[in-house]
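Novice: This is the structure, below, for whatever I ask next.
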Amino acid sequence: MQENMDMAFAYPKYLEELVERLVKRNWLVHNFPKVDNTDVYNFANYRQNKFVNNVIYTVYLDVNIYQFIINAVKKNSPKEEFKDAIALVTFCQIAEIELDPTYAVYEKLNYSNDQALLDELTTDLELFQRINNTSNELLAQYSLGFIEKFTPSEGHNVEHDKVQKGLTKYRRLIEWDSMYLMILYITNTSLIDTLNKKSKLKKLIEWMIKEFRLSLVVIVFAIIYFGDKPLRRMMKVKLNDSPERKLKSLFNMTWDLYTLNRYFRMWSEREPQQEGIYASNDKVFNEILRGSIDVQNSEELTHFEGYIDKEDIQFISEMTMNQNHSHERMYDSEEWSHEYRARLIKKYEELLGVDSKATS
């Protein structure tokens, strides 16, 4: 992202107040080098890069912020979260940034084939499109509290049948099962009373290298969770939960890691003129994402010196970043397959007393 140096863009006076609200929320996570959390709200930088370099920016919405946007119209009481979510829509309109709710919609569906839920999802998606095409002046009035309700733009219809077929076309999104397996393993490991947190972290790293595969976002999650300063509600599964409750929590954690992983896929595989930003109000999610971005950019784990000691950082670095190829890795063997992964999923589901196939 380049700084605006040569071009001037007019903007409405209310933009500054909207930006103040968004800066306090700190919802946006980005990978722009040398751009702090305040500069990311400089609308002129986006406009200039689009005008001069044809760069297209997209903000990917998490399920919570997506719901806040929709609830601004669906609910009668204008909560502050709704106002700030609409402030984000307004800012993106002015900065000419695209909004993408795709993964929020997939997470809300959660692989269900329930027709009532599908109808609700596509109706909400149509409402989102209408809100996203409402005049920024009207949206700003709502965000700043001058009005308590607004009527979104007409039109922008969704082809409900076509979208619903697309949502239910695949049993699992690409890589979702891999993230699910790693969450299963972390959860099982967390319940081993005979191991301390340091040993649990090492056990996970060794398992990923020898029996499965590496994932940066999973490693960062584990460093924080098994470290000295775990964040609240990182582990959503409780030993005494019912199987249904456990599975719901496991799926919830998997969606977070899946979305984090997709962000990095989009970052590494994007076209030169495509840039992505993630918007989330989940503090755990944002800390993992920011930490992962720091590791990706620096190729070091120094970001986590406050979470684990230097000995553990050295161990993880040697095992992952500077891998010793003498390790026998299942990932490199002929036995590596979708069936192998499925067997591991079944193994760790049985240990936790859950069965995802029962809900498929």
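By convention in this document, the chains of the structure tokens carry letters A, B, ... by their order, each chain's residues are numbered from 1, and ligands are numbered from 1 in the order they are shown.
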For A:Tyr106, find every residue with an atom within 12 Å (counting only C-alpha atoms), except residues of its own chain fewer than 5 positions away, and show them as an MDAnalysis selection string.

Specialist: chainID A and resid 61:63 66 100:101 111:113 117:118 121:122 125 163:164 166:173 176 252 255:256 258:259

Novice: Could you tell me, as an mmCIF file with N, CA and C atoms, in the first residue's frame, which residues of stretch 172-340 of chain A DSSP assigns to helix (DSSP H, G or I) when given the backbone?

Specialist:
```
data_model
loop_
_atom_site.group_PDB
_atom_site.id
_atom_site.type_symbol
_atom_site.label_atom_id
_atom_site.label_comp_id
_atom_site.auth_asym_id
_atom_site.auth_seq_id
_atom_site.Cartn_x
_atom_site.Cartn_y
_atom_site.Cartn_z
ATOM 1 N N TRP A 176 -10.653 -27.398 4.758
ATOM 2 C CA TRP A 176 -11.407 -27.316 6.014
ATOM 3 C C TRP A 176 -11.137 -28.532 6.888
ATOM 4 N N ASP A 177 -11.133 -29.738 6.299
ATOM 5 C CA ASP A 177 -10.912 -30.954 7.075
ATOM 6 C C ASP A 177 -9.527 -30.983 7.717
ATOM 7 N N SER A 178 -8.553 -30.410 7.037
ATOM 8 C CA SER A 178 -7.206 -30.368 7.622
ATOM 9 C C SER A 178 -7.170 -29.475 8.857
ATOM 10 N N MET A 179 -7.819 -28.323 8.774
ATOM 11 C CA MET A 179 -7.896 -27.444 9.946
ATOM 12 C C MET A 179 -8.678 -28.122 11.078
ATOM 13 N N TYR A 180 -9.718 -28.848 10.695
ATOM 14 C CA TYR A 180 -10.537 -29.558 11.688
ATOM 15 C C TYR A 180 -9.707 -30.613 12.407
ATOM 16 N N LEU A 181 -8.916 -31.368 11.661
ATOM 17 C CA LEU A 181 -8.065 -32.381 12.286
ATOM 18 C C LEU A 181 -7.086 -31.747 13.265
ATOM 19 N N MET A 182 -6.478 -30.643 12.889
ATOM 20 C CA MET A 182 -5.502 -30.001 13.776
ATOM 21 C C MET A 182 -6.169 -29.449 15.038
ATOM 22 N N ILE A 183 -7.398 -28.961 14.905
ATOM 23 C CA ILE A 183 -8.136 -28.518 16.084
ATOM 24 C C ILE A 183 -8.457 -29.710 16.976
ATOM 25 N N LEU A 184 -8.832 -30.833 16.369
ATOM 26 C CA LEU A 184 -9.082 -32.049 17.146
ATOM 27 C C LEU A 184 -7.839 -32.439 17.937
ATOM 28 N N TYR A 185 -6.678 -32.397 17.289
ATOM 29 C CA TYR A 185 -5.449 -32.803 17.960
ATOM 30 C C TYR A 185 -5.096 -31.834 19.091
ATOM 31 N N ILE A 186 -5.205 -30.543 18.837
ATOM 32 C CA ILE A 186 -4.917 -29.557 19.891
ATOM 33 C C ILE A 186 -5.847 -29.757 21.078
ATOM 34 N N THR A 187 -7.127 -29.978 20.799
ATOM 35 C CA THR A 187 -8.100 -30.157 21.873
ATOM 36 C C THR A 187 -7.791 -31.411 22.679
ATOM 37 N N ASN A 188 -7.491 -32.516 22.006
ATOM 38 C CA ASN A 188 -7.133 -33.747 22.707
ATOM 39 C C ASN A 188 -5.879 -33.554 23.546
ATOM 40 N N THR A 189 -4.884 -32.896 22.975
ATOM 41 C CA THR A 189 -3.633 -32.667 23.697
ATOM 42 C C THR A 189 -3.840 -31.781 24.911
ATOM 43 N N SER A 190 -4.715 -30.800 24.797
ATOM 44 C CA SER A 190 -4.971 -29.881 25.909
ATOM 45 C C SER A 190 -5.560 -30.594 27.115
ATOM 46 N N LYS A 197 2.168 -27.347 29.851
ATOM 47 C CA LYS A 197 1.873 -26.626 28.610
ATOM 48 C C LYS A 197 3.041 -26.663 27.629
ATOM 49 N N LYS A 198 4.266 -26.555 28.152
ATOM 50 C CA LYS A 198 5.446 -26.595 27.289
ATOM 51 C C LYS A 198 5.513 -27.930 26.541
ATOM 52 N N SER A 199 5.252 -29.019 27.262
ATOM 53 C CA SER A 199 5.307 -30.342 26.647
ATOM 54 C C SER A 199 4.192 -30.524 25.624
ATOM 55 N N LYS A 200 3.034 -29.949 25.910
ATOM 56 C CA LYS A 200 1.913 -30.050 24.970
ATOM 57 C C LYS A 200 2.224 -29.326 23.663
ATOM 58 N N LEU A 201 2.873 -28.170 23.773
ATOM 59 C CA LEU A 201 3.244 -27.422 22.572
ATOM 60 C C LEU A 201 4.243 -28.215 21.730
ATOM 61 N N LYS A 202 5.250 -28.784 22.379
ATOM 62 C CA LYS A 202 6.249 -29.571 21.656
ATOM 63 C C LYS A 202 5.615 -30.813 21.024
ATOM 64 N N LYS A 203 4.691 -31.427 21.748
ATOM 65 C CA LYS A 203 4.014 -32.616 21.237
ATOM 66 C C LYS A 203 3.253 -32.288 19.952
ATOM 67 N N LEU A 204 2.588 -31.134 19.932
ATOM 68 C CA LEU A 204 1.854 -30.719 18.747
ATOM 69 C C LEU A 204 2.792 -30.490 17.566
ATOM 70 N N ILE A 205 3.877 -29.763 17.798
ATOM 71 C CA ILE A 205 4.814 -29.461 16.712
ATOM 72 C C ILE A 205 5.375 -30.758 16.132
ATOM 73 N N GLU A 206 5.767 -31.678 16.988
ATOM 74 C CA GLU A 206 6.318 -32.951 16.520
ATOM 75 C C GLU A 206 5.271 -33.743 15.738
ATOM 76 N N TRP A 207 4.037 -33.723 16.200
ATOM 77 C CA TRP A 207 2.955 -34.433 15.501
ATOM 78 C C TRP A 207 2.720 -33.831 14.120
ATOM 79 N N MET A 208 2.689 -32.516 14.037
ATOM 80 C CA MET A 208 2.463 -31.857 12.751
ATOM 81 C C MET A 208 3.553 -32.231 11.750
ATOM 82 N N ILE A 209 4.784 -32.287 12.201
ATOM 83 C CA ILE A 209 5.895 -32.576 11.297
ATOM 84 C C ILE A 209 5.922 -34.042 10.892
ATOM 85 N N LYS A 210 5.753 -34.939 11.858
ATOM 86 C CA LYS A 210 5.916 -36.358 11.575
ATOM 87 C C LYS A 210 4.650 -37.019 11.035
ATOM 88 N N LEU A 216 1.072 -22.462 9.534
ATOM 89 C CA LEU A 216 1.534 -21.311 10.297
ATOM 90 C C LEU A 216 0.478 -20.841 11.293
ATOM 91 N N VAL A 217 -0.768 -20.709 10.859
ATOM 92 C CA VAL A 217 -1.792 -20.171 11.758
ATOM 93 C C VAL A 217 -2.062 -21.124 12.924
ATOM 94 N N VAL A 218 -1.944 -22.426 12.685
ATOM 95 C CA VAL A 218 -2.133 -23.400 13.772
ATOM 96 C C VAL A 218 -0.974 -23.310 14.762
ATOM 97 N N ILE A 219 0.236 -23.156 14.250
ATOM 98 C CA ILE A 219 1.396 -23.009 15.138
ATOM 99 C C ILE A 219 1.251 -21.759 16.000
ATOM 100 N N VAL A 220 0.819 -20.653 15.388
ATOM 101 C CA VAL A 220 0.643 -19.410 16.151
ATOM 102 C C VAL A 220 -0.462 -19.581 17.194
ATOM 103 N N PHE A 221 -1.558 -20.200 16.808
ATOM 104 C CA PHE A 221 -2.636 -20.485 17.763
ATOM 105 C C PHE A 221 -2.080 -21.265 18.954
ATOM 106 N N ALA A 222 -1.299 -22.310 18.677
ATOM 107 C CA ALA A 222 -0.779 -23.168 19.736
ATOM 108 C C ALA A 222 0.226 -22.437 20.625
ATOM 109 N N ILE A 223 1.071 -21.591 20.022
ATOM 110 C CA ILE A 223 2.035 -20.822 20.812
ATOM 111 C C ILE A 223 1.312 -19.944 21.825
ATOM 112 N N ILE A 224 0.262 -19.283 21.371
ATOM 113 C CA ILE A 224 -0.486 -18.404 22.272
ATOM 114 C C ILE A 224 -1.253 -19.226 23.298
ATOM 115 N N TYR A 225 -1.931 -20.274 22.850
ATOM 116 C CA TYR A 225 -2.781 -21.056 23.751
ATOM 117 C C TYR A 225 -1.967 -21.818 24.802
ATOM 118 N N PRO A 243 -21.725 -34.301 23.580
ATOM 119 C CA PRO A 243 -21.097 -34.489 22.258
ATOM 120 C C PRO A 243 -21.533 -33.435 21.250
ATOM 121 N N GLU A 244 -22.807 -33.062 21.283
ATOM 122 C CA GLU A 244 -23.309 -32.056 20.346
ATOM 123 C C GLU A 244 -22.654 -30.703 20.599
ATOM 124 N N ARG A 245 -22.530 -30.335 21.870
ATOM 125 C CA ARG A 245 -21.911 -29.063 22.227
ATOM 126 C C ARG A 245 -20.424 -29.062 21.871
ATOM 127 N N LYS A 246 -19.744 -30.183 22.136
ATOM 128 C CA LYS A 246 -18.326 -30.286 21.786
ATOM 129 C C LYS A 246 -18.127 -30.092 20.286
ATOM 130 N N LEU A 247 -18.961 -30.778 19.496
ATOM 131 C CA LEU A 247 -18.815 -30.707 18.045
ATOM 132 C C LEU A 247 -19.061 -29.290 17.544
ATOM 133 N N LYS A 248 -20.056 -28.630 18.107
ATOM 134 C CA LYS A 248 -20.335 -27.247 17.715
ATOM 135 C C LYS A 248 -19.137 -26.357 18.017
ATOM 136 N N SER A 249 -18.523 -26.538 19.178
ATOM 137 C CA SER A 249 -17.364 -25.736 19.565
ATOM 138 C C SER A 249 -16.165 -26.054 18.676
ATOM 139 N N LEU A 250 -15.965 -27.331 18.363
ATOM 140 C CA LEU A 250 -14.871 -27.728 17.476
ATOM 141 C C LEU A 250 -15.036 -27.106 16.093
ATOM 142 N N PHE A 251 -16.266 -27.121 15.592
ATOM 143 C CA PHE A 251 -16.527 -26.517 14.286
ATOM 144 C C PHE A 251 -16.278 -25.010 14.332
ATOM 145 N N ASN A 252 -16.691 -24.369 15.420
ATOM 146 C CA ASN A 252 -16.494 -22.928 15.566
ATOM 147 C C ASN A 252 -15.015 -22.582 15.526
ATOM 148 N N MET A 253 -14.196 -23.333 16.253
ATOM 149 C CA MET A 253 -12.751 -23.103 16.260
ATOM 150 C C MET A 253 -12.147 -23.388 14.887
ATOM 151 N N THR A 254 -12.663 -24.415 14.218
ATOM 152 C CA THR A 254 -12.153 -24.764 12.891
ATOM 153 C C THR A 254 -12.429 -23.656 11.893
ATOM 154 N N TRP A 255 -13.623 -23.067 11.952
ATOM 155 C CA TRP A 255 -13.942 -21.976 11.032
ATOM 156 C C TRP A 255 -12.966 -20.819 11.204
ATOM 157 N N ASP A 256 -12.615 -20.509 12.448
ATOM 158 C CA ASP A 256 -11.650 -19.432 12.676
ATOM 159 C C ASP A 256 -10.315 -19.738 11.999
ATOM 160 N N LEU A 257 -9.800 -20.947 12.228
ATOM 161 C CA LEU A 257 -8.507 -21.298 11.647
ATOM 162 C C LEU A 257 -8.597 -21.436 10.131
ATOM 163 N N TYR A 258 -9.703 -21.951 9.647
ATOM 164 C CA TYR A 258 -9.877 -22.066 8.200
ATOM 165 C C TYR A 258 -9.836 -20.685 7.544
ATOM 166 N N THR A 259 -10.546 -19.741 8.134
ATOM 167 C CA THR A 259 -10.584 -18.392 7.573
ATOM 168 C C THR A 259 -9.210 -17.745 7.641
ATOM 169 N N LEU A 260 -8.499 -17.923 8.758
ATOM 170 C CA LEU A 260 -7.136 -17.424 8.872
ATOM 171 C C LEU A 260 -6.252 -18.019 7.770
ATOM 172 N N ASN A 261 -6.390 -19.311 7.571
ATOM 173 C CA ASN A 261 -5.594 -19.992 6.556
ATOM 174 C C ASN A 261 -5.919 -19.484 5.153
ATOM 175 N N ARG A 262 -7.215 -19.236 4.893
ATOM 176 C CA ARG A 262 -7.613 -18.718 3.594
ATOM 177 C C ARG A 262 -7.029 -17.330 3.345
ATOM 178 N N TYR A 263 -6.945 -16.530 4.406
ATOM 179 C CA TYR A 263 -6.362 -15.199 4.254
ATOM 180 C C TYR A 263 -4.937 -15.319 3.714
ATOM 181 N N PHE A 264 -4.157 -16.253 4.281
ATOM 182 C CA PHE A 264 -2.783 -16.417 3.828
ATOM 183 C C PHE A 264 -2.722 -17.002 2.430
ATOM 184 N N ARG A 265 -3.665 -17.862 2.100
ATOM 185 C CA ARG A 265 -3.714 -18.377 0.733
ATOM 186 C C ARG A 265 -3.975 -17.230 -0.256
ATOM 187 N N MET A 266 -4.927 -16.391 0.082
ATOM 188 C CA MET A 266 -5.244 -15.261 -0.791
ATOM 189 C C MET A 266 -4.065 -14.304 -0.899
ATOM 190 N N TRP A 267 -3.361 -14.128 0.208
ATOM 191 C CA TRP A 267 -2.199 -13.245 0.226
ATOM 192 C C TRP A 267 -1.094 -13.790 -0.682
ATOM 193 N N SER A 268 -0.791 -15.074 -0.543
ATOM 194 C CA SER A 268 0.320 -15.651 -1.295
ATOM 195 C C SER A 268 -0.035 -15.951 -2.748
ATOM 196 N N GLU A 269 -1.333 -16.187 -3.039
ATOM 197 C CA GLU A 269 -1.735 -16.576 -4.385
ATOM 198 C C GLU A 269 -2.434 -15.451 -5.153
ATOM 199 N N LYS A 283 -11.055 -10.795 19.190
ATOM 200 C CA LYS A 283 -9.709 -10.429 19.626
ATOM 201 C C LYS A 283 -8.731 -11.590 19.490
ATOM 202 N N VAL A 284 -9.202 -12.804 19.747
ATOM 203 C CA VAL A 284 -8.336 -13.976 19.593
ATOM 204 C C VAL A 284 -7.939 -14.132 18.130
ATOM 205 N N PHE A 285 -8.926 -14.082 17.258
ATOM 206 C CA PHE A 285 -8.692 -14.200 15.818
ATOM 207 C C PHE A 285 -7.687 -13.150 15.357
ATOM 208 N N ASN A 286 -7.892 -11.902 15.761
ATOM 209 C CA ASN A 286 -7.026 -10.814 15.291
ATOM 210 C C ASN A 286 -5.604 -10.955 15.819
ATOM 211 N N GLU A 287 -5.456 -11.406 17.051
ATOM 212 C CA GLU A 287 -4.108 -11.586 17.607
ATOM 213 C C GLU A 287 -3.372 -12.691 16.858
ATOM 214 N N ILE A 288 -4.065 -13.784 16.549
ATOM 215 C CA ILE A 288 -3.442 -14.875 15.792
ATOM 216 C C ILE A 288 -3.061 -14.399 14.399
ATOM 217 N N LEU A 289 -3.948 -13.655 13.766
ATOM 218 C CA LEU A 289 -3.686 -13.178 12.411
ATOM 219 C C LEU A 289 -2.519 -12.197 12.399
ATOM 220 N N ARG A 290 -2.515 -11.257 13.317
ATOM 221 C CA ARG A 290 -1.415 -10.277 13.353
ATOM 222 C C ARG A 290 -0.084 -10.961 13.659
ATOM 223 N N GLY A 291 -0.120 -11.930 14.575
ATOM 224 C CA GLY A 291 1.109 -12.669 14.871
ATOM 225 C C GLY A 291 1.597 -13.472 13.687
ATOM 226 N N SER A 292 0.671 -14.076 12.958
ATOM 227 C CA SER A 292 1.035 -14.872 11.781
ATOM 228 C C SER A 292 1.624 -13.988 10.695
ATOM 229 N N ILE A 293 1.049 -12.813 10.505
ATOM 230 C CA ILE A 293 1.571 -11.878 9.507
ATOM 231 C C ILE A 293 2.984 -11.459 9.874
ATOM 232 N N ASP A 294 3.217 -11.208 11.163
ATOM 233 C CA ASP A 294 4.545 -10.802 11.612
ATOM 234 C C ASP A 294 5.568 -11.907 11.333
ATOM 235 N N VAL A 295 5.195 -13.152 11.607
ATOM 236 C CA VAL A 295 6.103 -14.279 11.341
ATOM 237 C C VAL A 295 6.358 -14.408 9.841
ATOM 238 N N GLN A 296 5.311 -14.279 9.052
ATOM 239 C CA GLN A 296 5.450 -14.401 7.597
ATOM 240 C C GLN A 296 6.380 -13.325 7.047
ATOM 241 N N ASN A 297 6.273 -12.111 7.566
ATOM 242 C CA ASN A 297 7.095 -11.012 7.066
ATOM 243 C C ASN A 297 8.534 -11.077 7.575
ATOM 244 N N SER A 298 8.700 -11.440 8.841
ATOM 245 C CA SER A 298 10.027 -11.416 9.461
ATOM 246 C C SER A 298 10.769 -12.746 9.350
ATOM 247 N N THR A 302 10.191 -14.006 16.968
ATOM 248 C CA THR A 302 10.466 -13.072 18.059
ATOM 249 C C THR A 302 9.195 -12.368 18.547
ATOM 250 N N HIS A 303 8.173 -12.310 17.705
ATOM 251 C CA HIS A 303 6.885 -11.718 18.088
ATOM 252 C C HIS A 303 6.321 -12.387 19.340
ATOM 253 N N PHE A 304 6.708 -13.644 19.584
ATOM 254 C CA PHE A 304 6.087 -14.422 20.658
ATOM 255 C C PHE A 304 6.979 -14.604 21.881
ATOM 256 N N LYS A 310 12.689 -18.453 25.236
ATOM 257 C CA LYS A 310 13.579 -18.499 24.071
ATOM 258 C C LYS A 310 13.927 -19.934 23.679
ATOM 259 N N GLU A 311 13.966 -20.808 24.662
ATOM 260 C CA GLU A 311 14.250 -22.216 24.364
ATOM 261 C C GLU A 311 13.172 -22.828 23.481
ATOM 262 N N ASP A 312 11.920 -22.506 23.789
ATOM 263 C CA ASP A 312 10.816 -23.024 22.982
ATOM 264 C C ASP A 312 10.796 -22.390 21.594
ATOM 265 N N ILE A 313 11.114 -21.097 21.525
ATOM 266 C CA ILE A 313 11.189 -20.424 20.225
ATOM 267 C C ILE A 313 12.257 -21.081 19.352
ATOM 268 N N GLN A 314 13.397 -21.386 19.941
ATOM 269 C CA GLN A 314 14.467 -22.029 19.189
ATOM 270 C C GLN A 314 14.038 -23.419 18.724
ATOM 271 N N PHE A 315 13.363 -24.165 19.608
ATOM 272 C CA PHE A 315 12.896 -25.510 19.254
ATOM 273 C C PHE A 315 11.935 -25.455 18.062
ATOM 274 N N ILE A 316 10.948 -24.566 18.131
ATOM 275 C CA ILE A 316 9.958 -24.467 17.057
ATOM 276 C C ILE A 316 10.613 -23.994 15.768
ATOM 277 N N SER A 317 11.533 -23.034 15.862
ATOM 278 C CA SER A 317 12.228 -22.540 14.667
ATOM 279 C C SER A 317 13.010 -23.654 13.991
ATOM 280 N N GLU A 318 13.746 -24.432 14.784
ATOM 281 C CA GLU A 318 14.550 -25.513 14.218
ATOM 282 C C GLU A 318 13.676 -26.597 13.600
ATOM 283 N N MET A 319 12.524 -26.842 14.214
ATOM 284 C CA MET A 319 11.642 -27.911 13.743
ATOM 285 C C MET A 319 10.805 -27.501 12.541
ATOM 286 N N THR A 320 10.573 -26.207 12.372
ATOM 287 C CA THR A 320 9.656 -25.761 11.314
ATOM 288 C C THR A 320 10.351 -24.938 10.238
ATOM 289 N N MET A 321 10.906 -23.800 10.637
ATOM 290 C CA MET A 321 11.492 -22.909 9.637
ATOM 291 C C MET A 321 12.769 -23.479 9.032
ATOM 292 N N MET A 330 5.145 -38.155 7.238
ATOM 293 C CA MET A 330 4.054 -38.801 6.533
ATOM 294 C C MET A 330 3.654 -37.984 5.306
ATOM 295 N N TYR A 331 3.796 -36.654 5.407
ATOM 296 C CA TYR A 331 3.406 -35.751 4.323
ATOM 297 C C TYR A 331 4.187 -36.048 3.044
ATOM 298 N N ASP A 332 5.400 -36.567 3.197
ATOM 299 C CA ASP A 332 6.247 -36.858 2.043
ATOM 300 C C ASP A 332 6.166 -38.317 1.605
ATOM 301 N N HIS A 338 -6.209 -38.404 1.323
ATOM 302 C CA HIS A 338 -7.426 -37.971 2.008
ATOM 303 C C HIS A 338 -7.917 -39.057 2.964
ATOM 304 N N GLU A 339 -7.714 -40.309 2.584
ATOM 305 C CA GLU A 339 -8.134 -41.426 3.443
ATOM 306 C C GLU A 339 -7.315 -41.464 4.729
ATOM 307 N N TYR A 340 -6.024 -41.167 4.616
ATOM 308 C CA TYR A 340 -5.174 -41.106 5.808
ATOM 309 C C TYR A 340 -5.678 -40.033 6.767
#
```

Novice: Using DSSP on the backbone, list every residue of stretch 22-263 of chain A that comes out as strand (DSSP E or B), and give them as a PyMOL selection string.

Specialist: chain A and resi 28-29+56-61+98-100

Novice: May I have the selected residues written with C-alpha atoms, as a PDB file, in the first residue's frame?

Specialist:
```
ATOM      1  CA  LEU A  28      -9.057  -4.273  10.412  1.00  0.00           C
ATOM      2  CA  VAL A  29      -6.075  -6.600  10.085  1.00  0.00           C
ATOM      3  CA  ILE A  56      -8.410  -3.548  -6.151  1.00  0.00           C
ATOM      4  CA  TYR A  57      -8.786  -3.696  -2.369  1.00  0.00           C
ATOM      5  CA  THR A  58     -11.199  -6.091  -0.678  1.00  0.00           C
ATOM      6  CA  VAL A  59     -12.251  -6.264   2.972  1.00  0.00           C
ATOM      7  CA  TYR A  60     -13.262  -9.797   3.947  1.00  0.00           C
ATOM      8  CA  LEU A  61     -15.892  -9.753   6.684  1.00  0.00           C
ATOM      9  CA  GLU A  98     -14.936  -3.986  -2.034  1.00  0.00           C
ATOM     10  CA  LEU A  99     -16.698  -5.864   0.787  1.00  0.00           C
ATOM     11  CA  ASP A 100     -16.756  -9.676   0.670  1.00  0.00           C
TER      12      ASP A 100
END
```

Novice: If we count only C-alpha atoms and set the cut-off at 10 Å, which residues sit around A:Ser153, ignoring sequence neighbours fewer than 6 positions away in its own chain? Please answer as a PyMOL selection string.

Specialist: chain A and resi 127+129-135

Novice: Compare A:Leu18, A:Leu214, A:Leu352, A:Ile308 by their minimum atom-to-atom distance to A:Gly145, counting only C-alpha atoms, and give me the closest one.

Specialist: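 Looking only at the distances to A:Gly145, the closest residue turns out to be A:Leu18.
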
Novice: Could you name the residues that touch stretch 11-16 of chain A at 10 Å or less, counting only C-alpha atoms, but leaving out those on the same chain fewer than 2 positions away, as number ranges by chain?

Specialist: A: 8-9, 18-22, 41-44, 87, 90-91, 94-95, 136-137, 140-141, 143-144

Novice: Hey, can you spit out that residue selection with N, CA, C and O atoms as a compact mmCIF listing (two decimals), in the first residue's frame?

Specialist:
```txt
# COMPACT_ATOMS: atom_id res chain seq x y z
N ALA A 8 -4.89 14.64 -4.54
CA ALA A 8 -5.80 15.08 -3.48
C ALA A 8 -7.21 14.62 -3.84
O ALA A 8 -7.63 14.69 -5.00
N PHE A 9 -7.92 14.14 -2.81
CA PHE A 9 -9.28 13.65 -3.01
C PHE A 9 -10.20 14.36 -2.03
O PHE A 9 -9.89 14.49 -0.84
N LEU A 18 -16.26 9.14 11.49
CA LEU A 18 -16.42 7.70 11.24
C LEU A 18 -15.10 6.97 11.43
O LEU A 18 -15.05 5.88 12.02
N VAL A 19 -14.02 7.56 10.94
CA VAL A 19 -12.70 6.95 11.06
C VAL A 19 -12.30 6.84 12.53
O VAL A 19 -11.72 5.83 12.96
N GLU A 20 -12.62 7.86 13.32
CA GLU A 20 -12.31 7.81 14.76
C GLU A 20 -12.98 6.60 15.41
O GLU A 20 -12.38 5.91 16.24
N ARG A 21 -14.22 6.34 15.04
CA ARG A 21 -14.94 5.18 15.58
C ARG A 21 -14.26 3.88 15.16
O ARG A 21 -14.10 2.95 15.96
N LEU A 22 -13.84 3.80 13.91
CA LEU A 22 -13.24 2.58 13.40
C LEU A 22 -11.85 2.34 14.00
O LEU A 22 -11.48 1.19 14.27
N TYR A 41 -6.67 3.57 7.72
CA TYR A 41 -7.94 4.25 7.49
C TYR A 41 -7.78 5.54 6.67
O TYR A 41 -8.68 6.38 6.67
N ASN A 42 -6.64 5.68 6.01
CA ASN A 42 -6.44 6.82 5.11
C ASN A 42 -7.06 6.47 3.76
O ASN A 42 -6.45 5.79 2.93
N PHE A 43 -8.28 6.95 3.53
CA PHE A 43 -9.03 6.57 2.33
C PHE A 43 -8.31 6.97 1.04
O PHE A 43 -8.43 6.30 0.01
N ALA A 44 -7.55 8.08 1.10
CA ALA A 44 -6.91 8.59 -0.12
C ALA A 44 -5.87 7.62 -0.66
O ALA A 44 -5.65 7.55 -1.88
N ALA A 87 -20.46 2.16 9.73
CA ALA A 87 -19.37 3.11 9.49
C ALA A 87 -18.30 2.47 8.61
O ALA A 87 -17.73 3.14 7.74
N THR A 90 -19.55 2.51 5.10
CA THR A 90 -19.45 3.88 4.57
C THR A 90 -18.02 4.20 4.17
O THR A 90 -17.76 4.76 3.09
N PHE A 91 -17.08 3.88 5.06
CA PHE A 91 -15.67 4.12 4.76
C PHE A 91 -15.25 3.40 3.49
O PHE A 91 -14.56 3.98 2.63
N ILE A 94 -16.45 5.14 0.37
CA ILE A 94 -15.69 6.36 0.06
C ILE A 94 -14.29 6.01 -0.45
O ILE A 94 -13.76 6.66 -1.35
N ALA A 95 -13.69 4.97 0.15
CA ALA A 95 -12.34 4.57 -0.25
C ALA A 95 -12.34 3.66 -1.48
O ALA A 95 -11.27 3.30 -1.98
N ASN A 136 -23.79 6.76 0.92
CA ASN A 136 -22.95 6.88 2.12
C ASN A 136 -23.43 8.00 3.04
O ASN A 136 -23.20 7.95 4.24
N GLU A 137 -24.11 9.00 2.50
CA GLU A 137 -24.65 10.06 3.36
C GLU A 137 -25.70 9.50 4.33
O GLU A 137 -25.70 9.81 5.53
N ALA A 140 -24.00 7.25 6.91
CA ALA A 140 -23.27 8.06 7.89
C ALA A 140 -24.22 8.65 8.92
O ALA A 140 -23.89 8.72 10.12
N GLN A 141 -25.39 9.07 8.50
CA GLN A 141 -26.38 9.59 9.46
C GLN A 141 -26.73 8.54 10.51
O GLN A 141 -26.87 8.85 11.69
N SER A 143 -24.77 5.88 11.37
CA SER A 143 -23.57 5.59 12.16
C SER A 143 -23.33 6.65 13.23
O SER A 143 -22.88 6.34 14.34
N LEU A 144 -23.61 7.90 12.90
CA LEU A 144 -23.33 9.01 13.82
C LEU A 144 -24.51 9.33 14.74
O LEU A 144 -24.45 10.27 15.52
```

Novice: Go through A:Val40, A:Val52, A:Ile147, A:Val158 one by one, measure the shortest atom-to-atom distance of each to A:Tyr278 using only C-alpha atoms, and give the residue with the smallest value.

Specialist: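 Going through A:Val40, A:Val52, A:Ile147, A:Val158 one by one, the smallest distance to A:Tyr278 is for A:Val40.
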
Novice: Applying 8 Å and only C-alpha atoms, which residues near stretch 148-151 of chain A remain after dropping the ones on its own chain fewer than 4 positions away? List them as a ChimeraX atom specification.

Specialist: /A:72-73,76-78,138-139,142

Novice: List the neighbours of A:Ile65 out to 12 Å using only C-alpha atoms; skip same-chain residues closer than 5 positions along the sequence, and give me the result as a PyMOL selection string.

Specialist: chain A and resi 25+27-28+59-60+70-72+80-89+99-101+103-105+128+278-282
